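Undergrad: You'll find final11.txt just under this line, and it carries compact mmCIF, C-alpha atoms.
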# COMPACT_ATOMS: atom_id res chain seq x y z
CA ALA A 1 -8.49 -13.73 -7.73
CA GLN A 2 -5.15 -12.78 -6.28
CA SER A 3 -4.45 -12.81 -2.56
CA VAL A 4 -1.59 -12.43 -0.11
CA THR A 5 -1.09 -14.07 3.26
CA GLN A 6 1.28 -12.82 5.89
CA PRO A 7 0.97 -15.45 8.59
CA ASP A 8 2.80 -13.53 11.30
CA ILE A 9 0.89 -10.58 12.71
CA HIS A 10 3.62 -9.59 15.12
CA ILE A 11 7.31 -10.52 15.36
CA THR A 12 9.86 -9.54 17.97
CA VAL A 13 13.60 -9.81 17.31
CA SER A 14 16.67 -8.64 19.14
CA GLU A 15 18.79 -5.93 17.61
CA GLY A 16 21.55 -7.53 15.55
CA ALA A 17 19.62 -10.74 15.00
CA SER A 18 18.53 -11.94 11.58
CA LEU A 19 15.00 -11.45 10.33
CA GLU A 20 12.69 -13.31 8.01
CA LEU A 21 9.14 -12.18 7.32
CA ARG A 22 6.91 -14.63 5.54
CA CYS A 23 4.66 -13.95 2.60
CA ASN A 24 2.59 -16.35 0.53
CA TYR A 25 0.60 -15.30 -2.49
CA SER A 26 -2.04 -16.73 -4.73
CA TYR A 27 -2.05 -15.80 -8.40
CA GLY A 28 -2.27 -17.86 -11.56
CA ALA A 29 0.44 -16.28 -13.64
CA THR A 30 3.78 -14.71 -12.84
CA PRO A 31 2.97 -11.98 -10.36
CA TYR A 32 4.48 -8.66 -9.54
CA LEU A 33 5.61 -8.93 -5.91
CA PHE A 34 6.38 -6.12 -3.53
CA TRP A 35 7.46 -5.44 0.02
CA TYR A 36 6.53 -2.10 1.54
CA VAL A 37 7.35 -0.73 4.99
CA GLN A 38 5.26 1.67 7.06
CA SER A 39 6.78 3.52 9.98
CA PRO A 40 4.43 4.92 12.63
CA GLY A 41 2.51 7.91 11.35
CA GLN A 42 3.91 7.57 7.86
CA GLY A 43 2.81 6.32 4.50
CA LEU A 44 4.26 3.22 2.92
CA GLN A 45 7.69 3.05 1.32
CA LEU A 46 8.77 0.48 -1.23
CA LEU A 47 11.57 -1.79 -0.02
CA LEU A 48 11.87 -3.97 -3.11
CA LYS A 49 9.91 -5.52 -5.95
CA TYR A 50 10.09 -8.51 -8.26
CA PHE A 51 8.61 -9.23 -11.64
CA SER A 52 11.10 -11.28 -13.54
CA GLY A 53 14.75 -12.22 -13.65
CA ASP A 54 16.88 -13.15 -10.69
CA THR A 55 14.67 -14.61 -7.99
CA LEU A 56 16.78 -13.04 -5.23
CA VAL A 57 15.98 -9.35 -5.10
CA GLN A 58 17.98 -6.73 -3.26
CA GLY A 59 16.22 -3.73 -1.81
CA ILE A 60 16.89 -0.66 0.23
CA LYS A 61 18.01 -0.59 3.85
CA GLY A 62 19.80 -3.94 3.52
CA PHE A 63 16.69 -6.01 2.84
CA GLU A 64 16.39 -8.81 0.33
CA ALA A 65 13.60 -11.16 -0.73
CA GLU A 66 13.52 -14.43 -2.58
CA PHE A 67 10.79 -15.48 -5.00
CA LYS A 68 10.04 -19.19 -4.82
CA ARG A 69 7.46 -20.13 -7.41
CA SER A 70 7.11 -23.71 -6.17
CA GLN A 71 6.15 -22.47 -2.71
CA SER A 72 4.25 -19.35 -3.86
CA SER A 73 6.36 -17.41 -1.43
CA PHE A 74 8.24 -14.13 -1.36
CA ASN A 75 9.88 -13.94 2.06
CA LEU A 76 11.72 -10.84 3.21
CA ARG A 77 15.06 -11.17 4.96
CA LYS A 78 17.67 -9.04 6.65
CA PRO A 79 20.86 -10.44 8.14
CA SER A 80 21.13 -8.00 11.04
CA VAL A 81 18.21 -5.94 12.31
CA HIS A 82 18.62 -2.37 13.55
CA TRP A 83 16.33 -0.65 16.04
CA SER A 84 15.19 1.69 13.25
CA ASP A 85 13.72 -1.30 11.39
CA ALA A 86 10.83 -1.42 13.85
CA ALA A 87 7.81 -0.81 11.66
CA GLU A 88 4.99 -2.62 9.90
CA TYR A 89 5.82 -4.57 6.77
CA PHE A 90 3.41 -5.29 3.96
CA CYS A 91 3.76 -7.84 1.21
CA ALA A 92 1.76 -7.21 -1.94
CA VAL A 93 0.97 -9.03 -5.18
CA GLY A 94 0.22 -7.22 -8.41
CA SER A 95 -1.18 -8.15 -11.77
CA PHE A 96 -1.44 -6.46 -15.13
CA SER A 97 -4.17 -7.76 -17.36
CA GLY A 98 -6.23 -6.19 -20.11
CA GLY A 99 -5.00 -2.72 -19.30
CA TYR A 100 -5.98 -3.08 -15.66
CA GLN A 101 -3.41 -3.01 -12.93
CA LYS A 102 -4.27 -4.32 -9.51
CA VAL A 103 -2.22 -4.63 -6.35
CA THR A 104 -3.44 -6.57 -3.34
CA PHE A 105 -1.77 -6.07 0.02
CA GLY A 106 -1.36 -8.49 2.87
CA THR A 107 -2.55 -7.57 6.34
CA GLY A 108 0.96 -6.72 7.48
CA THR A 109 3.52 -7.92 10.00
CA LYS A 110 4.45 -5.62 12.83
CA LEU A 111 8.12 -5.86 13.75
CA GLN A 112 9.33 -5.01 17.22
CA VAL A 113 13.08 -4.72 17.83
CA ILE A 114 14.38 -5.13 21.36
CA PRO A 115 17.82 -4.02 22.52
CA LYS B 1 11.30 16.57 -5.56
CA ALA B 2 8.27 16.99 -3.33
CA GLY B 3 6.53 13.85 -2.17
CA VAL B 4 2.87 12.95 -2.18
CA THR B 5 0.84 15.29 -0.05
CA GLN B 6 -2.58 14.66 1.44
CA THR B 7 -4.92 17.13 3.03
CA PRO B 8 -6.26 17.32 5.57
CA ARG B 9 -4.18 15.05 7.79
CA TYR B 10 -6.96 14.58 10.34
CA LEU B 11 -10.71 14.81 10.12
CA ILE B 12 -13.53 14.24 12.57
CA LYS B 13 -17.02 13.90 11.18
CA THR B 14 -20.35 12.60 12.36
CA ARG B 15 -22.49 9.89 10.85
CA GLY B 16 -24.43 10.98 7.80
CA GLN B 17 -22.03 13.75 6.83
CA GLN B 18 -19.87 13.70 3.74
CA VAL B 19 -16.16 14.29 3.40
CA THR B 20 -13.69 15.16 0.66
CA LEU B 21 -10.03 14.19 0.84
CA SER B 22 -7.33 15.58 -1.41
CA CYS B 23 -4.14 14.11 -2.80
CA SER B 24 -1.37 15.86 -4.72
CA PRO B 25 0.88 13.36 -6.49
CA ILE B 26 4.55 13.64 -7.27
CA SER B 27 5.09 15.93 -10.21
CA GLY B 28 4.84 14.00 -13.48
CA HIS B 29 3.02 11.02 -12.03
CA ARG B 30 -0.20 10.33 -13.87
CA SER B 31 -1.55 7.49 -11.74
CA VAL B 32 -3.15 8.01 -8.35
CA SER B 33 -4.52 5.15 -6.28
CA TRP B 34 -6.51 5.34 -3.08
CA TYR B 35 -6.49 2.82 -0.24
CA GLN B 36 -8.37 2.45 3.01
CA GLN B 37 -6.29 1.16 5.90
CA THR B 38 -7.89 -0.28 9.03
CA PRO B 39 -6.35 -2.43 11.77
CA GLY B 40 -8.48 -5.45 10.96
CA GLN B 41 -8.55 -5.30 7.17
CA GLY B 42 -5.15 -3.93 6.27
CA LEU B 43 -4.97 -1.94 3.04
CA GLN B 44 -8.01 -2.19 0.85
CA PHE B 45 -7.90 -0.80 -2.68
CA LEU B 46 -10.52 1.85 -3.40
CA PHE B 47 -9.80 3.05 -6.93
CA GLU B 48 -7.13 4.14 -9.35
CA TYR B 49 -7.12 7.13 -11.65
CA PHE B 50 -4.86 7.64 -14.64
CA SER B 51 -4.96 10.80 -16.73
CA GLU B 52 -8.35 11.80 -15.31
CA THR B 53 -9.94 8.39 -15.99
CA GLN B 54 -10.89 5.83 -13.39
CA ARG B 55 -9.17 2.65 -14.53
CA ASN B 56 -10.03 0.34 -11.71
CA LYS B 57 -12.27 0.20 -8.70
CA GLY B 58 -12.27 -1.93 -5.57
CA ASN B 59 -15.20 -3.50 -3.77
CA PHE B 60 -16.55 -0.48 -1.97
CA PRO B 61 -20.09 0.90 -2.02
CA GLY B 62 -21.07 3.75 -4.28
CA ARG B 63 -20.78 6.15 -1.36
CA PHE B 64 -17.08 6.18 -2.15
CA SER B 65 -16.19 8.14 -5.24
CA GLY B 66 -13.25 9.98 -6.64
CA ARG B 67 -11.95 12.08 -9.44
CA GLN B 68 -8.71 13.27 -10.92
CA PHE B 69 -7.98 16.66 -12.36
CA SER B 70 -5.88 17.61 -15.37
CA ASN B 71 -2.90 18.38 -13.11
CA SER B 72 -3.18 14.80 -11.72
CA ARG B 73 -4.37 15.97 -8.32
CA SER B 74 -7.06 13.68 -7.03
CA GLU B 75 -9.93 13.88 -4.60
CA MET B 76 -12.00 11.18 -3.01
CA ASN B 77 -15.42 11.72 -1.54
CA VAL B 78 -17.34 9.67 0.96
CA SER B 79 -21.01 10.49 1.35
CA THR B 80 -23.37 9.51 4.14
CA LEU B 81 -20.56 8.57 6.49
CA GLU B 82 -20.86 5.47 8.65
CA LEU B 83 -18.93 4.56 11.79
CA GLY B 84 -17.14 1.85 9.83
CA ASP B 85 -15.62 4.43 7.50
CA SER B 86 -13.23 5.46 10.25
CA ALA B 87 -9.83 4.65 8.83
CA LEU B 88 -6.56 5.96 7.48
CA TYR B 89 -7.00 6.86 3.83
CA LEU B 90 -3.81 6.64 1.82
CA CYS B 91 -3.14 7.83 -1.66
CA ALA B 92 -0.25 6.68 -3.78
CA SER B 93 1.12 8.05 -7.00
CA SER B 94 3.19 6.39 -9.70
CA TRP B 95 4.22 6.89 -13.30
CA GLU B 96 2.17 4.13 -14.86
CA GLY B 97 0.00 2.46 -12.24
CA PRO B 98 -0.06 0.32 -9.07
CA THR B 99 2.32 -2.30 -10.46
CA ASP B 100 4.89 0.44 -10.87
CA THR B 101 6.64 1.76 -7.75
CA GLN B 102 4.00 3.56 -5.71
CA TYR B 103 4.87 6.56 -3.58
CA PHE B 104 2.51 6.94 -0.66
CA GLY B 105 1.38 10.03 1.11
CA PRO B 106 1.15 10.17 4.92
CA GLY B 107 -2.59 9.61 4.82
CA THR B 108 -5.70 11.30 6.13
CA ARG B 109 -6.99 9.94 9.43
CA LEU B 110 -10.80 10.03 9.32
CA THR B 111 -12.78 9.52 12.50
CA VAL B 112 -16.54 9.15 12.25
CA LEU B 113 -18.49 9.72 15.46
Have the structure of the file written as structure tokens, please.

TA:
Amino acid sequence: AQSVTQPDIHITVSEGASLELRCNYSYGATPYLFWYVQSPGQGLQLLLKYFSGDTLVQGIKGFEAEFKRSQSSFNLRKPSVHWSDAAEYFCAVGSFSGGYQKVTFGTGTKLQVIP
Amino acid sequence: KAGVTQTPRYLIKTRGQQVTLSCSPISGHRSVSWYQQTPGQGLQFLFEYFSETQRNKGNFPGRFSGRQFSNSRSEMNVSTLELGDSALYLCASSWEGPTDTQYFGPGTRLTVL
């Protein structure tokens, strides 16, 4: 069974500081990996995704993530956080097997940005 | 193009009642997935429909059901509501399925009293 762990429930960073959100997954084969963001009162929006190729993935809004197979991790990073980045971030792992597609989400990390 | 729309946005029901939620996907998308979001559990997968067929189902009781119409619009139904069904219900549409980029609607906030 696939699973995702986001060990940090809540993170606070200062505006302009760098950000790293952690994500660890469990899946036997090469997974699909995603980061989604949810702003208050909104649905989720895809930031970036990885399936194959370059292990450093660039996404929207200046975010990037790096797939590290040896550590089963897919951490999200941003070099300089803006106040508008305050939101909840979800890591997800997906699989495609026998015609069935399944995506499992982590429990999310809430990001607070202070001036 | 128009995004994913969900109606209604808010619902208040009492225990034992049933409820139907609606989701209109992005035009051309054939896959619609439903998720339940609660503070303690995060997003839990309910089911996925593709071209009117349920392709996958999560670990929810049979009180939760859904369907998809020929225009890809989808509905989910919860019968015999329980207090624990209070949640934000999100639907997401995509071209091919959940491993494709999913576009989420704003959700329906269901409160069961």

Undergrad: Give me, as a PyMOL selection string, all polymer residues having an atom no more than 7 Å from region 32-34 of chain A, counting only C-alpha atoms and skipping those fewer than 2 positions away in the same chain.

TA: (chain A and resi 30+36+48-51+91-95) or (chain B and resi 99)

Undergrad: With C-alpha atoms retained, could you export that selection as a short mmCIF file (atom, residue, chain, number, x, y, z; two decimals), in the coordinates of the input?

TA:
data_model
loop_
_atom_site.label_atom_id
_atom_site.label_comp_id
_atom_site.auth_asym_id
_atom_site.auth_seq_id
_atom_site.Cartn_x
_atom_site.Cartn_y
_atom_site.Cartn_z
CA THR A 30 3.78 -14.71 -12.84
CA TYR A 36 6.53 -2.10 1.54
CA LEU A 48 11.87 -3.97 -3.11
CA LYS A 49 9.91 -5.52 -5.95
CA TYR A 50 10.09 -8.51 -8.26
CA PHE A 51 8.61 -9.23 -11.64
CA CYS A 91 3.76 -7.84 1.21
CA ALA A 92 1.76 -7.21 -1.94
CA VAL A 93 0.97 -9.03 -5.18
CA GLY A 94 0.22 -7.22 -8.41
CA SER A 95 -1.18 -8.15 -11.77
CA THR B 99 2.32 -2.30 -10.46
#

Undergrad: For chain B versus chain A, which residues have an atom no more than 8 Å away, and what is each residue's nearest atom pair and distance in Å rounded to one decimal, using only C-alpha atoms, chain-then-number order, as CSV?

TA:
residue,atom,partner,partner_atom,distance
B:Gly40,CA,A:Thr107,CA,7.8
B:Gln41,CA,A:Thr107,CA,6.5
B:Gly42,CA,A:Thr107,CA,4.5
B:Leu43,CA,A:Phe105,CA,6.0
B:Gln44,CA,A:Phe105,CA,7.4
B:Phe45,CA,A:Thr104,CA,7.3
B:Arg55,CA,A:Tyr100,CA,6.7
B:Asn56,CA,A:Tyr100,CA,6.6
B:Leu90,CA,A:Gly43,CA,7.1
B:Gly97,CA,A:Gln101,CA,6.5
B:Pro98,CA,A:Val103,CA,6.0
B:Thr99,CA,A:Gly94,CA,5.7
B:Thr101,CA,A:Leu46,CA,7.0
B:Gln102,CA,A:Leu46,CA,7.2
B:Tyr103,CA,A:Gln45,CA,6.7
B:Phe104,CA,A:Gly43,CA,5.2
B:Gly105,CA,A:Gly43,CA,5.2
B:Pro106,CA,A:Gly43,CA,4.2
B:Gly107,CA,A:Gly43,CA,6.3

Undergrad: Would you save the residues of that selection, restricted to C-alpha atoms, as a PDB file, keeping the file's coordinate frame?

TA:
ATOM      1  CA  GLY B  40      -8.480  -5.450  10.960  1.00  0.00           C
ATOM      2  CA  GLN B  41      -8.550  -5.300   7.170  1.00  0.00           C
ATOM      3  CA  GLY B  42      -5.150  -3.930   6.270  1.00  0.00           C
ATOM      4  CA  LEU B  43      -4.970  -1.940   3.040  1.00  0.00           C
ATOM      5  CA  GLN B  44      -8.010  -2.190   0.850  1.00  0.00           C
ATOM      6  CA  PHE B  45      -7.900  -0.800  -2.680  1.00  0.00           C
ATOM      7  CA  ARG B  55      -9.170   2.650 -14.530  1.00  0.00           C
ATOM      8  CA  ASN B  56     -10.030   0.340 -11.710  1.00  0.00           C
ATOM      9  CA  LEU B  90      -3.810   6.640   1.820  1.00  0.00           C
ATOM     10  CA  GLY B  97       0.000   2.460 -12.240  1.00  0.00           C
ATOM     11  CA  PRO B  98      -0.060   0.320  -9.070  1.00  0.00           C
ATOM     12  CA  THR B  99       2.320  -2.300 -10.460  1.00  0.00           C
ATOM     13  CA  THR B 101       6.640   1.760  -7.750  1.00  0.00           C
ATOM     14  CA  GLN B 102       4.000   3.560  -5.710  1.00  0.00           C
ATOM     15  CA  TYR B 103       4.870   6.560  -3.580  1.00  0.00           C
ATOM     16  CA  PHE B 104       2.510   6.940  -0.660  1.00  0.00           C
ATOM     17  CA  GLY B 105       1.380  10.030   1.110  1.00  0.00           C
ATOM     18  CA  PRO B 106       1.150  10.170   4.920  1.00  0.00           C
ATOM     19  CA  GLY B 107      -2.590   9.610   4.820  1.00  0.00           C
TER      20      GLY B 107
END

Undergrad: When you draw a straight line from CA of Asn59 (chain B) to CA of Ser73 (chain A), how long is it in Å?

TA: 25.8 Å

Undergrad: With distances taken over all atoms listed in the file, which of B:Leu110, B:Ser22, B:Glu82, B:Trp95 is nearest to Arg67 (chain B)?

TA: B:Ser22

Undergrad: Rounded to one decimal place, report the CA of Glu20 (chain A)-CA of Ala87 (chain A) distance in Å.

TA: 13.9 Å

Undergrad: Write out as a VMD selection string which residues come within 8 Å of Gln112 (chain A) when counting all atoms listed in the file, dropping same-chain ones fewer than 6 positions away.

TA: chain A and resid 10 to 13 86 to 87

Undergrad: Distance cut-off 12 Å, centre (-11.4, 16.4, -4.2) in file coordinates, counting all atoms listed in the file: which residues qualify? Return them as a count of residues only.

TA: 23

Undergrad: With distances taken over only C-alpha atoms, which residue among B:Ser79, B:Gly62, B:Ser86, B:Glu96 lies nearest Gly16 (chain B)?

TA: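 Looking only at the distances to Gly16 (chain B), the closest residue turns out to be B:Ser79.
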
Undergrad: Give the padded box for region 19-32 of chain A as JSON: axis-aligned, covering all atoms listed in the file, 8 Å on each side, centre and edge lengths in Å to one decimal.

TA:
{"center_x": 6.4, "center_y": -13.3, "center_z": -1.7, "size_x": 33.3, "size_y": 25.2, "size_z": 40.0}

Undergrad: Ranking B:Ser51, B:Thr80, B:Gln17, B:Gln36 by minimum distance to Ser93 (chain B) and counting only C-alpha atoms, which one comes first?

TA: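 Of B:Ser51, B:Thr80, B:Gln17, B:Gln36, the one nearest Ser93 (chain B) is B:Ser51, counting only C-alpha atoms.
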
Undergrad: Smallest atom-to-atom distance to Ala29 (chain A): which of A:Thr109, A:Gln6, A:Ser52, A:Asn75, using only C-alpha atoms?

TA: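 Result for the nearest residue to Ala29 (chain A): A:Ser52.
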
Undergrad: Measure the distance from CA of Arg77 (chain A) to CA of Ile26 (chain B) in Å and round it to one decimal.

TA: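 Distance reported for this atom pair: 29.6 Å.
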
Undergrad: Between B:Thr38, B:Ala2, B:Gly58, B:Thr111, single out the one closest to Leu83 (chain B), counting all atoms listed in the file.

TA: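 Using all atoms listed in the file, Leu83 (chain B) sits closest to B:Thr111.
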
Undergrad: Find the residue from B:Val4, B:Arg9, B:His29, B:Arg15 that sits nearest to Asn71 (chain B); use all atoms listed in the file when measuring.

TA: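 So, comparing all the options, the nearest one is B:His29.
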
Undergrad: Name the residues in contact with Glu64 (chain A) at a cut-off of 8 Å, using only C-alpha atoms, excluding same-chain residues fewer than 4 positions from it; report them as number ranges by chain.

TA: A: 48, 56-59, 76-78

Undergrad: For Ser18 (chain A), list every protein, DNA or RNA residue within 7 Å, evaluated using only C-alpha atoms, and leave out those in the same chain fewer than 5 positions away; present the list as a PyMOL selection string.

TA: chain A and resi 78-81

Undergrad: Just write region 79-90 of chain A with all heavy atoms, as a PDB file, in the first residue's frame, taken from the block above.

TA:
ATOM      1  N   PRO A  79      13.180  29.494  -2.483  1.00  0.00           N
ATOM      2  CA  PRO A  79      14.310  30.262  -1.950  1.00  0.00           C
ATOM      3  C   PRO A  79      13.900  31.489  -1.143  1.00  0.00           C
ATOM      4  O   PRO A  79      14.605  31.875  -0.214  1.00  0.00           O
ATOM      5  CB  PRO A  79      15.101  30.661  -3.197  1.00  0.00           C
ATOM      6  CG  PRO A  79      14.191  30.467  -4.343  1.00  0.00           C
ATOM      7  CD  PRO A  79      13.171  29.458  -3.951  1.00  0.00           C
ATOM      8  N   SER A  80      12.769  32.101  -1.481  1.00  0.00           N
ATOM      9  CA  SER A  80      12.360  33.310  -0.785  1.00  0.00           C
ATOM     10  C   SER A  80      10.838  33.335  -0.716  1.00  0.00           C
ATOM     11  O   SER A  80      10.162  33.453  -1.739  1.00  0.00           O
ATOM     12  CB  SER A  80      12.883  34.555  -1.523  1.00  0.00           C
ATOM     13  OG  SER A  80      12.429  35.736  -0.896  1.00  0.00           O
ATOM     14  N   VAL A  81      10.312  33.234   0.490  1.00  0.00           N
ATOM     15  CA  VAL A  81       8.869  33.110   0.690  1.00  0.00           C
ATOM     16  C   VAL A  81       8.199  34.487   0.675  1.00  0.00           C
ATOM     17  O   VAL A  81       8.729  35.465   1.236  1.00  0.00           O
ATOM     18  CB  VAL A  81       8.589  32.393   2.025  1.00  0.00           C
ATOM     19  CG1 VAL A  81       7.128  32.482   2.402  1.00  0.00           C
ATOM     20  CG2 VAL A  81       9.015  30.934   1.919  1.00  0.00           C
ATOM     21  N   HIS A  82       7.033  34.534   0.065  1.00  0.00           N
ATOM     22  CA  HIS A  82       6.222  35.752   0.018  1.00  0.00           C
ATOM     23  C   HIS A  82       5.019  35.568   0.924  1.00  0.00           C
ATOM     24  O   HIS A  82       4.564  34.427   1.155  1.00  0.00           O
ATOM     25  CB  HIS A  82       5.791  35.997  -1.435  1.00  0.00           C
ATOM     26  CG  HIS A  82       5.114  37.308  -1.679  1.00  0.00           C
ATOM     27  ND1 HIS A  82       3.741  37.433  -1.748  1.00  0.00           N
ATOM     28  CD2 HIS A  82       5.618  38.554  -1.858  1.00  0.00           C
ATOM     29  CE1 HIS A  82       3.429  38.697  -1.967  1.00  0.00           C
ATOM     30  NE2 HIS A  82       4.546  39.389  -2.038  1.00  0.00           N
ATOM     31  N   TRP A  83       4.456  36.661   1.413  1.00  0.00           N
ATOM     32  CA  TRP A  83       3.311  36.549   2.318  1.00  0.00           C
ATOM     33  C   TRP A  83       2.164  35.776   1.665  1.00  0.00           C
ATOM     34  O   TRP A  83       1.414  35.071   2.339  1.00  0.00           O
ATOM     35  CB  TRP A  83       2.828  37.934   2.759  1.00  0.00           C
ATOM     36  CG  TRP A  83       2.281  38.789   1.642  1.00  0.00           C
ATOM     37  CD1 TRP A  83       2.967  39.719   0.926  1.00  0.00           C
ATOM     38  CD2 TRP A  83       0.959  38.773   1.115  1.00  0.00           C
ATOM     39  NE1 TRP A  83       2.156  40.273  -0.018  1.00  0.00           N
ATOM     40  CE2 TRP A  83       0.907  39.726   0.074  1.00  0.00           C
ATOM     41  CE3 TRP A  83      -0.208  38.048   1.416  1.00  0.00           C
ATOM     42  CZ2 TRP A  83      -0.246  39.970  -0.661  1.00  0.00           C
ATOM     43  CZ3 TRP A  83      -1.357  38.292   0.688  1.00  0.00           C
ATOM     44  CH2 TRP A  83      -1.365  39.243  -0.343  1.00  0.00           C
ATOM     45  N   SER A  84       2.048  35.874   0.348  1.00  0.00           N
ATOM     46  CA  SER A  84       0.950  35.187  -0.341  1.00  0.00           C
ATOM     47  C   SER A  84       1.136  33.669  -0.391  1.00  0.00           C
ATOM     48  O   SER A  84       0.234  32.953  -0.827  1.00  0.00           O
ATOM     49  CB  SER A  84       0.814  35.727  -1.764  1.00  0.00           C
ATOM     50  OG  SER A  84       2.006  35.512  -2.492  1.00  0.00           O
ATOM     51  N   ASP A  85       2.301  33.188   0.040  1.00  0.00           N
ATOM     52  CA  ASP A  85       2.523  31.739   0.074  1.00  0.00           C
ATOM     53  C   ASP A  85       1.883  31.077   1.293  1.00  0.00           C
ATOM     54  O   ASP A  85       1.868  29.836   1.381  1.00  0.00           O
ATOM     55  CB  ASP A  85       4.029  31.427   0.072  1.00  0.00           C
ATOM     56  CG  ASP A  85       4.700  31.824  -1.227  1.00  0.00           C
ATOM     57  OD1 ASP A  85       4.059  31.695  -2.296  1.00  0.00           O
ATOM     58  OD2 ASP A  85       5.860  32.284  -1.176  1.00  0.00           O
ATOM     59  N   ALA A  86       1.368  31.866   2.210  1.00  0.00           N
ATOM     60  CA  ALA A  86       0.704  31.288   3.375  1.00  0.00           C
ATOM     61  C   ALA A  86      -0.498  30.473   2.918  1.00  0.00           C
ATOM     62  O   ALA A  86      -1.410  30.987   2.263  1.00  0.00           O
ATOM     63  CB  ALA A  86       0.256  32.400   4.324  1.00  0.00           C
ATOM     64  N   ALA A  87      -0.477  29.200   3.233  1.00  0.00           N
ATOM     65  CA  ALA A  87      -1.490  28.264   2.737  1.00  0.00           C
ATOM     66  C   ALA A  87      -1.188  26.901   3.347  1.00  0.00           C
ATOM     67  O   ALA A  87      -0.262  26.756   4.157  1.00  0.00           O
ATOM     68  CB  ALA A  87      -1.447  28.178   1.210  1.00  0.00           C
ATOM     69  N   GLU A  88      -1.948  25.905   2.941  1.00  0.00           N
ATOM     70  CA  GLU A  88      -1.662  24.533   3.358  1.00  0.00           C
ATOM     71  C   GLU A  88      -1.136  23.772   2.143  1.00  0.00           C
ATOM     72  O   GLU A  88      -1.682  23.887   1.044  1.00  0.00           O
ATOM     73  CB  GLU A  88      -2.903  23.861   3.930  1.00  0.00           C
ATOM     74  CG  GLU A  88      -2.593  22.541   4.620  1.00  0.00           C
ATOM     75  CD  GLU A  88      -3.656  22.119   5.620  1.00  0.00           C
ATOM     76  OE1 GLU A  88      -4.785  22.645   5.557  1.00  0.00           O
ATOM     77  OE2 GLU A  88      -3.348  21.241   6.471  1.00  0.00           O
ATOM     78  N   TYR A  89      -0.101  22.994   2.371  1.00  0.00           N
ATOM     79  CA  TYR A  89       0.580  22.292   1.302  1.00  0.00           C
ATOM     80  C   TYR A  89       0.446  20.784   1.493  1.00  0.00           C
ATOM     81  O   TYR A  89       0.680  20.259   2.591  1.00  0.00           O
ATOM     82  CB  TYR A  89       2.063  22.696   1.267  1.00  0.00           C
ATOM     83  CG  TYR A  89       2.250  24.138   0.845  1.00  0.00           C
ATOM     84  CD1 TYR A  89       2.053  25.167   1.761  1.00  0.00           C
ATOM     85  CD2 TYR A  89       2.582  24.471  -0.457  1.00  0.00           C
ATOM     86  CE1 TYR A  89       2.191  26.492   1.378  1.00  0.00           C
ATOM     87  CE2 TYR A  89       2.724  25.790  -0.852  1.00  0.00           C
ATOM     88  CZ  TYR A  89       2.518  26.800   0.071  1.00  0.00           C
ATOM     89  OH  TYR A  89       2.651  28.114  -0.314  1.00  0.00           O
ATOM     90  N   PHE A  90       0.082  20.130   0.415  1.00  0.00           N
ATOM     91  CA  PHE A  90      -0.147  18.691   0.457  1.00  0.00           C
ATOM     92  C   PHE A  90       0.785  17.980  -0.522  1.00  0.00           C
ATOM     93  O   PHE A  90       0.828  18.325  -1.711  1.00  0.00           O
ATOM     94  CB  PHE A  90      -1.593  18.355   0.081  1.00  0.00           C
ATOM     95  CG  PHE A  90      -2.603  18.831   1.068  1.00  0.00           C
ATOM     96  CD1 PHE A  90      -3.169  20.086   0.955  1.00  0.00           C
ATOM     97  CD2 PHE A  90      -2.995  18.014   2.136  1.00  0.00           C
ATOM     98  CE1 PHE A  90      -4.112  20.537   1.876  1.00  0.00           C
ATOM     99  CE2 PHE A  90      -3.934  18.452   3.045  1.00  0.00           C
ATOM    100  CZ  PHE A  90      -4.495  19.714   2.927  1.00  0.00           C
TER     101      PHE A  90
END
